[in-house]
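Next comes upload-v9.cif, a file with mmCIF, C-alpha atoms.
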data_my_file
#
loop_
_atom_site.label_atom_id
_atom_site.label_comp_id
_atom_site.auth_asym_id
_atom_site.auth_seq_id
_atom_site.Cartn_x
_atom_site.Cartn_y
_atom_site.Cartn_z
CA MET A 248 75.98 -3.26 176.15
CA ILE A 249 76.14 -1.58 179.45
CA GLY A 250 74.23 1.63 180.01
CA LYS A 251 71.96 1.47 176.97
CA THR A 252 68.95 -0.60 176.11
CA THR A 253 68.81 -2.67 172.97
CA GLN A 254 66.05 -0.37 171.76
CA GLU A 255 68.28 2.68 172.19
CA VAL A 256 71.03 1.17 170.03
CA GLY A 257 68.59 -0.13 167.40
CA PHE A 258 69.50 -3.76 167.97
CA TRP A 259 66.03 -5.16 167.19
CA LEU A 260 64.92 -5.33 163.57
CA SER A 261 61.32 -4.83 164.59
CA SER A 262 59.37 -4.04 167.70
CA GLU A 263 57.29 -7.17 166.97
CA ASP A 264 60.38 -9.37 167.45
CA ARG A 265 61.20 -7.65 170.74
CA ASN A 266 57.61 -7.86 171.96
CA LYS A 267 57.45 -11.57 171.11
CA VAL A 268 60.66 -12.26 173.04
CA MET A 269 59.54 -10.21 176.05
CA SER A 270 56.17 -11.98 176.06
CA LEU A 271 57.83 -15.41 176.02
CA ILE A 272 60.22 -14.40 178.79
CA LYS A 273 57.36 -13.12 180.96
CA ARG A 274 55.48 -16.37 180.38
CA ASP A 275 58.35 -18.88 180.71
CA GLY A 276 61.14 -16.99 182.49
CA GLN A 277 63.61 -18.09 179.84
CA ILE A 278 64.11 -18.83 176.15
CA ASP A 279 66.57 -21.37 174.79
CA ASN A 280 68.16 -21.25 171.34
CA LEU A 281 65.74 -18.92 169.59
CA GLU A 282 66.78 -17.92 166.07
CA LEU A 283 66.62 -14.16 165.70
CA GLN A 284 68.11 -11.53 163.45
CA PHE A 285 69.68 -8.40 164.91
CA LYS A 286 71.20 -5.22 163.53
CA ILE A 287 74.78 -4.66 164.65
CA LYS A 288 76.99 -1.58 164.95
CA ASP A 289 77.82 -1.30 161.23
CA ASN A 290 74.07 -1.63 160.41
CA SER A 291 74.51 -5.10 158.93
CA ILE A 292 72.09 -7.82 159.94
CA ILE A 293 73.24 -11.02 161.60
CA SER A 294 71.43 -14.28 162.23
CA THR A 295 71.74 -15.49 165.79
CA LEU A 296 70.94 -18.33 168.12
CA THR A 297 69.92 -16.59 171.32
CA THR A 298 69.23 -17.70 174.87
CA PHE A 299 67.56 -15.44 177.43
CA ARG A 300 67.40 -15.89 181.21
CA VAL A 301 65.89 -13.73 183.90
CA ILE A 302 68.46 -13.49 186.68
CA GLU A 303 68.44 -11.68 190.00
CA ILE A 304 71.34 -9.53 191.19
CA GLU A 305 71.09 -7.84 194.61
CA GLY A 306 67.35 -8.18 194.55
CA GLN A 307 66.88 -6.71 191.08
CA LYS A 308 65.78 -8.70 188.05
CA HIS A 309 67.96 -8.50 184.96
CA LEU A 310 67.81 -10.12 181.56
CA LEU A 311 70.87 -12.17 180.64
CA SER A 312 71.22 -12.75 176.90
CA ILE A 313 73.66 -15.13 175.27
CA ILE A 314 73.89 -14.48 171.55
CA GLU A 315 75.73 -16.70 169.09
CA ASP A 316 76.28 -15.38 165.57
CA ILE A 317 75.18 -18.12 163.15
CA SER A 318 75.27 -15.96 160.04
CA ASN A 319 77.92 -18.15 158.41
CA ILE A 320 75.86 -21.28 159.13
CA ARG A 321 72.77 -19.67 157.57
CA LYS A 322 74.86 -18.54 154.58
CA LEU A 323 76.16 -22.09 154.10
CA ASP A 324 72.60 -23.45 154.45
CA ASN A 325 71.42 -21.06 151.74
CA GLU A 326 74.31 -22.02 149.47
CA LYS A 327 73.59 -25.72 150.07
CA ASN A 328 69.92 -25.20 149.24
CA GLN A 329 70.83 -23.35 146.05
CA LEU A 330 73.12 -26.22 145.04
CA LEU A 331 70.39 -28.76 145.80
CA ASP A 332 67.96 -26.75 143.69
CA LEU A 333 70.50 -26.70 140.86
CA LEU A 334 71.08 -30.45 141.21
CA ASN A 335 67.33 -31.14 141.18
CA GLU A 336 66.83 -28.93 138.12
CA SER A 337 69.77 -30.61 136.35
CA GLN A 338 68.34 -34.05 137.12
CA LYS A 339 64.97 -32.95 135.79
CA ILE A 340 66.48 -31.69 132.52
CA ALA A 341 68.63 -34.81 132.07
CA LYS A 342 65.90 -37.19 133.30
CA ILE A 343 68.35 -38.66 135.82
CA GLY A 344 67.43 -39.61 139.34
CA SER A 345 69.61 -40.38 142.32
CA TRP A 346 69.11 -42.39 145.43
CA THR A 347 70.86 -43.61 148.53
CA MET A 348 70.14 -46.73 150.52
CA GLU A 349 71.11 -47.74 154.01
CA ILE A 350 72.44 -51.24 153.50
CA ASP A 351 71.41 -52.55 156.93
CA THR A 352 67.77 -51.47 156.68
CA TYR A 353 67.24 -51.10 152.90
CA LYS A 354 65.81 -47.66 153.70
CA VAL A 355 65.90 -45.64 150.48
CA HIS A 356 66.13 -41.87 149.98
CA TRP A 357 65.14 -40.82 146.47
CA SER A 358 65.66 -37.55 144.63
CA GLY A 359 62.59 -35.85 143.23
CA GLU A 360 63.40 -37.08 139.73
CA MET A 361 63.37 -40.71 140.94
CA TYR A 362 59.71 -40.25 141.81
CA VAL A 363 59.10 -38.95 138.28
CA ILE A 364 60.97 -41.85 136.67
CA LEU A 365 59.04 -44.35 138.79
CA GLU A 366 55.79 -42.41 138.23
CA LEU A 367 55.05 -41.91 141.90
CA GLN A 368 53.76 -38.95 143.82
CA ASN A 369 56.59 -37.58 145.95
CA ASN A 370 56.49 -38.77 149.58
CA ASN A 371 53.54 -41.11 149.14
CA GLY A 372 55.15 -43.71 151.38
CA LEU A 373 56.19 -46.06 148.57
CA ALA A 374 59.82 -44.94 148.40
CA ASP A 375 61.39 -48.22 149.34
CA TYR A 376 63.59 -50.84 147.82
CA GLU A 377 60.77 -53.40 147.67
CA TYR A 378 58.59 -51.10 145.57
CA PHE A 379 61.41 -50.43 143.12
CA TYR A 380 62.27 -54.11 143.01
CA SER A 381 58.61 -55.01 142.32
CA LEU A 382 58.82 -53.08 139.03
CA VAL A 383 61.73 -55.23 137.85
CA PRO A 384 60.62 -58.31 135.87
CA GLU A 385 61.03 -61.47 137.94
CA LYS A 386 63.52 -62.99 135.49
CA GLU A 387 65.85 -59.99 135.94
CA ARG A 388 65.61 -59.56 139.72
CA GLU A 389 68.21 -62.10 140.76
CA MET A 390 70.74 -60.81 138.23
CA ILE A 391 70.24 -57.19 139.36
CA HIS A 392 70.34 -58.08 143.03
CA ASN A 393 73.52 -60.14 142.56
CA LEU A 394 75.22 -57.35 140.60
CA TYR A 395 74.41 -54.95 143.41
CA LEU A 396 75.57 -57.35 146.16
CA ASP A 397 78.82 -58.01 144.26
CA SER A 398 79.47 -54.27 144.02
CA VAL A 399 78.99 -53.94 147.79
CA LYS A 400 81.12 -56.98 148.57
CA ASN A 401 83.94 -55.94 146.22
CA LYS A 402 83.55 -52.19 146.86
CA THR A 403 83.26 -51.54 143.14
CA LYS A 404 81.02 -49.43 140.92
CA TYR A 405 77.61 -50.73 139.99
CA LEU A 406 76.29 -50.68 136.43
CA CYS A 407 73.14 -52.36 135.26
CA ILE A 408 70.69 -51.80 132.40
CA HIS A 409 67.28 -53.34 132.95
CA ARG A 410 63.57 -52.91 132.53
CA LEU A 411 60.86 -51.57 134.80
CA VAL A 412 57.37 -52.89 134.09
CA PHE A 413 54.44 -50.84 135.34
CA LYS A 414 51.01 -52.17 136.34
CA ASP A 415 49.49 -51.11 133.01
CA GLY A 416 52.12 -53.14 131.13
CA ARG A 417 54.29 -50.25 129.96
CA VAL A 418 58.04 -50.89 129.98
CA LYS A 419 60.82 -48.40 130.74
CA TRP A 420 64.47 -49.21 130.23
CA VAL A 421 66.72 -47.73 132.91
CA GLU A 422 70.44 -47.62 133.42
CA GLU A 423 71.71 -47.73 136.98
CA ASN A 424 75.18 -46.37 137.64
CA GLY A 425 76.24 -46.36 141.22
CA ILE A 426 79.00 -46.28 143.74
CA ASN A 427 78.96 -47.61 147.24
CA ILE A 428 80.17 -45.32 150.00
CA PHE A 429 81.40 -47.01 153.14
CA ASP A 430 82.03 -45.69 156.60
CA ALA A 431 85.29 -46.30 158.49
CA ASP A 432 84.05 -49.75 159.56
CA GLY A 433 83.53 -50.81 155.94
#

Let me see the structure of the file written as structure tokens.
Amino acid sequence: MIGKTTQEVGFWLSSEDRNKVMSLIKRDGQIDNLELQFKIKDNSIISTLTTFRVIEIEGQKHLLSIIEDISNIRKLDNEKNQLLDLLNESQKIAKIGSWTMEIDTYKVHWSGEMYVILELQNNNGLADYEYFYSLVPEKEREMIHNLYLDSVKNKTKYLCIHRLVFKDGRVKWVEENGINIFDADG
């Protein structure tokens, strides 16, 4: 916008945002990829990824701003989060958990309901294949492991019904239904 300041056109949502940016620029001389919201010509609000640089032209300092509209990305993020919330709520109602595992490392990513099923506090550091496997009775471990390995080898679905035995002796029966997803290299 040539000839008018961003304040004159009402670009900033709040003077606090502008003051924060100006303070950072004075301190650092530049800002890279700062997420900000601005009001545009039609009075709608857009989310942006903004970079600021102080540049000098003919001995005068100017502020160069590069603004990328990321409103669609933020909208998609919000929609994704709503879908994840719906998935988590559905799993809670149905008492179904989900998990993924990186085959090379056995690193496991569990849904919130998996923690409930396995009676763990979420993110307590025990979310790994070895912990899950330790709940399986020894006599069933080889069978379960072989069923899983066969499903990976043959690129087929995985189905297994087995027990989990907790430290206090309680038993839960679980049904595992799974598919293996492979990258282009197999």

Can you pull out the residues contacting region 335-350 of chain A? Cut-off 8 Å, using only C-alpha atoms, and skip same-chain residues under 3 positions away; I want them as a PyMOL selection string. chain A and resi 331-332+353-361+364

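We find CA of Arg274 (chain A) and CA of Thr295 (chain A) to be spaced 21.9 Å apart.
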
With the file shown as input, list the residues that the PyMOL selection byres ((chain A and resi 404) around 6) selects, as a ChimeraX atom specification. /A:398,403,405,425-426

Neighbouring residues of Ile314 (chain A) were defined as those with any atom within 12 Å, considering all atoms listed in the file; residues of the same chain fewer than 4 positions away were excluded. Please report them as a ChimeraX atom specification. /A:278-285,293-300,318

What is the distance, in Å and to one decimal place, between CA of Leu406 (chain A) and CA of Ile391 (chain A)?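 These two atoms are separated by 9.4 Å.
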
So which residues get picked by the PyMOL selection byres ((chain A and resi 379) around 12) here, written as a ChimeraX atom specification? /A:346,353-357,361-362,364-367,373-378,380-384,388,391-392,410-413,421

Counting only C-alpha atoms, which residues sit no farther than 7 Å from the position (65.8, -11.6, 176.6) in the file's frame? I'd like them as a ChimeraX atom specification. /A:268-269,272,299-300,310-312

Reconstruct all heavy atoms of region 340-351 of chain A from the incomplete input and present them as a PDB file, in the coordinates of the input.
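Output file result.pdb is given in full below:
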ATOM      1  N   ILE A 340      66.161 -31.925 133.935  1.00  0.00           N
ATOM      2  CA  ILE A 340      66.480 -31.690 132.520  1.00  0.00           C
ATOM      3  C   ILE A 340      67.054 -32.959 131.893  1.00  0.00           C
ATOM      4  O   ILE A 340      66.683 -33.339 130.779  1.00  0.00           O
ATOM      5  CB  ILE A 340      67.470 -30.514 132.384  1.00  0.00           C
ATOM      6  CG1 ILE A 340      66.759 -29.206 132.743  1.00  0.00           C
ATOM      7  CG2 ILE A 340      68.048 -30.442 130.974  1.00  0.00           C
ATOM      8  CD1 ILE A 340      67.695 -28.035 132.944  1.00  0.00           C
ATOM      9  N   ALA A 341      67.959 -33.633 132.614  1.00  0.00           N
ATOM     10  CA  ALA A 341      68.630 -34.810 132.070  1.00  0.00           C
ATOM     11  C   ALA A 341      67.827 -36.097 132.244  1.00  0.00           C
ATOM     12  O   ALA A 341      68.219 -37.141 131.721  1.00  0.00           O
ATOM     13  CB  ALA A 341      70.000 -34.972 132.731  1.00  0.00           C
ATOM     14  N   LYS A 342      66.721 -36.011 132.986  1.00  0.00           N
ATOM     15  CA  LYS A 342      65.900 -37.190 133.300  1.00  0.00           C
ATOM     16  C   LYS A 342      66.740 -38.263 134.008  1.00  0.00           C
ATOM     17  O   LYS A 342      66.708 -39.441 133.664  1.00  0.00           O
ATOM     18  CB  LYS A 342      65.223 -37.744 132.051  1.00  0.00           C
ATOM     19  CG  LYS A 342      64.261 -36.764 131.414  1.00  0.00           C
ATOM     20  CD  LYS A 342      63.511 -37.387 130.276  1.00  0.00           C
ATOM     21  CE  LYS A 342      62.623 -36.445 129.536  1.00  0.00           C
ATOM     22  NZ  LYS A 342      61.817 -35.544 130.236  1.00  0.00           N
ATOM     23  N   ILE A 343      67.502 -37.785 135.006  1.00  0.00           N
ATOM     24  CA  ILE A 343      68.350 -38.660 135.820  1.00  0.00           C
ATOM     25  C   ILE A 343      67.910 -38.516 137.272  1.00  0.00           C
ATOM     26  O   ILE A 343      67.738 -37.408 137.769  1.00  0.00           O
ATOM     27  CB  ILE A 343      69.834 -38.249 135.709  1.00  0.00           C
ATOM     28  CG1 ILE A 343      70.337 -38.445 134.291  1.00  0.00           C
ATOM     29  CG2 ILE A 343      70.689 -39.007 136.708  1.00  0.00           C
ATOM     30  CD1 ILE A 343      71.733 -37.900 134.063  1.00  0.00           C
ATOM     31  N   GLY A 344      67.748 -39.629 137.922  1.00  0.00           N
ATOM     32  CA  GLY A 344      67.430 -39.610 139.340  1.00  0.00           C
ATOM     33  C   GLY A 344      68.612 -40.096 140.144  1.00  0.00           C
ATOM     34  O   GLY A 344      69.563 -40.663 139.613  1.00  0.00           O
ATOM     35  N   SER A 345      68.564 -39.853 141.434  1.00  0.00           N
ATOM     36  CA  SER A 345      69.610 -40.380 142.320  1.00  0.00           C
ATOM     37  C   SER A 345      68.954 -40.907 143.582  1.00  0.00           C
ATOM     38  O   SER A 345      67.845 -40.513 143.941  1.00  0.00           O
ATOM     39  CB  SER A 345      70.641 -39.300 142.645  1.00  0.00           C
ATOM     40  OG  SER A 345      70.038 -38.196 143.281  1.00  0.00           O
ATOM     41  N   TRP A 346      69.655 -41.817 144.213  1.00  0.00           N
ATOM     42  CA  TRP A 346      69.110 -42.390 145.430  1.00  0.00           C
ATOM     43  C   TRP A 346      70.245 -42.889 146.308  1.00  0.00           C
ATOM     44  O   TRP A 346      71.352 -43.131 145.846  1.00  0.00           O
ATOM     45  CB  TRP A 346      68.123 -43.519 145.138  1.00  0.00           C
ATOM     46  CG  TRP A 346      68.670 -44.625 144.281  1.00  0.00           C
ATOM     47  CD1 TRP A 346      68.742 -44.654 142.916  1.00  0.00           C
ATOM     48  CD2 TRP A 346      69.219 -45.863 144.732  1.00  0.00           C
ATOM     49  NE1 TRP A 346      69.294 -45.829 142.495  1.00  0.00           N
ATOM     50  CE2 TRP A 346      69.605 -46.599 143.587  1.00  0.00           C
ATOM     51  CE3 TRP A 346      69.433 -46.427 145.980  1.00  0.00           C
ATOM     52  CZ2 TRP A 346      70.167 -47.857 143.658  1.00  0.00           C
ATOM     53  CZ3 TRP A 346      69.998 -47.692 146.047  1.00  0.00           C
ATOM     54  CH2 TRP A 346      70.361 -48.392 144.897  1.00  0.00           C
ATOM     55  N   THR A 347      69.946 -42.998 147.577  1.00  0.00           N
ATOM     56  CA  THR A 347      70.860 -43.610 148.530  1.00  0.00           C
ATOM     57  C   THR A 347      70.075 -44.676 149.281  1.00  0.00           C
ATOM     58  O   THR A 347      68.844 -44.589 149.391  1.00  0.00           O
ATOM     59  CB  THR A 347      71.444 -42.604 149.537  1.00  0.00           C
ATOM     60  OG1 THR A 347      70.374 -42.012 150.278  1.00  0.00           O
ATOM     61  CG2 THR A 347      72.239 -41.519 148.832  1.00  0.00           C
ATOM     62  N   MET A 348      70.793 -45.667 149.753  1.00  0.00           N
ATOM     63  CA  MET A 348      70.140 -46.730 150.520  1.00  0.00           C
ATOM     64  C   MET A 348      71.026 -47.110 151.690  1.00  0.00           C
ATOM     65  O   MET A 348      72.240 -47.270 151.536  1.00  0.00           O
ATOM     66  CB  MET A 348      69.886 -47.959 149.653  1.00  0.00           C
ATOM     67  CG  MET A 348      69.172 -49.071 150.420  1.00  0.00           C
ATOM     68  SD  MET A 348      68.682 -50.461 149.385  1.00  0.00           S
ATOM     69  CE  MET A 348      70.241 -51.091 148.841  1.00  0.00           C
ATOM     70  N   GLU A 349      70.405 -47.237 152.840  1.00  0.00           N
ATOM     71  CA  GLU A 349      71.110 -47.740 154.010  1.00  0.00           C
ATOM     72  C   GLU A 349      71.130 -49.254 153.904  1.00  0.00           C
ATOM     73  O   GLU A 349      70.078 -49.895 153.902  1.00  0.00           O
ATOM     74  CB  GLU A 349      70.417 -47.273 155.285  1.00  0.00           C
ATOM     75  CG  GLU A 349      70.413 -45.752 155.426  1.00  0.00           C
ATOM     76  CD  GLU A 349      69.519 -45.268 156.553  1.00  0.00           C
ATOM     77  OE1 GLU A 349      69.204 -46.057 157.472  1.00  0.00           O
ATOM     78  OE2 GLU A 349      69.138 -44.089 156.505  1.00  0.00           O
ATOM     79  N   ILE A 350      72.305 -49.814 153.784  1.00  0.00           N
ATOM     80  CA  ILE A 350      72.440 -51.240 153.500  1.00  0.00           C
ATOM     81  C   ILE A 350      71.795 -52.107 154.577  1.00  0.00           C
ATOM     82  O   ILE A 350      71.148 -53.109 154.282  1.00  0.00           O
ATOM     83  CB  ILE A 350      73.926 -51.622 153.308  1.00  0.00           C
ATOM     84  CG1 ILE A 350      74.455 -50.950 152.038  1.00  0.00           C
ATOM     85  CG2 ILE A 350      74.112 -53.128 153.229  1.00  0.00           C
ATOM     86  CD1 ILE A 350      75.933 -51.131 151.823  1.00  0.00           C
ATOM     87  N   ASP A 351      71.947 -51.726 155.842  1.00  0.00           N
ATOM     88  CA  ASP A 351      71.410 -52.550 156.930  1.00  0.00           C
ATOM     89  C   ASP A 351      69.891 -52.633 156.932  1.00  0.00           C
ATOM     90  O   ASP A 351      69.318 -53.669 157.251  1.00  0.00           O
ATOM     91  CB  ASP A 351      71.878 -52.013 158.292  1.00  0.00           C
ATOM     92  CG  ASP A 351      73.383 -52.112 158.464  1.00  0.00           C
ATOM     93  OD1 ASP A 351      74.020 -52.892 157.730  1.00  0.00           O
ATOM     94  OD2 ASP A 351      73.922 -51.399 159.333  1.00  0.00           O
TER      95      ASP A 351
END
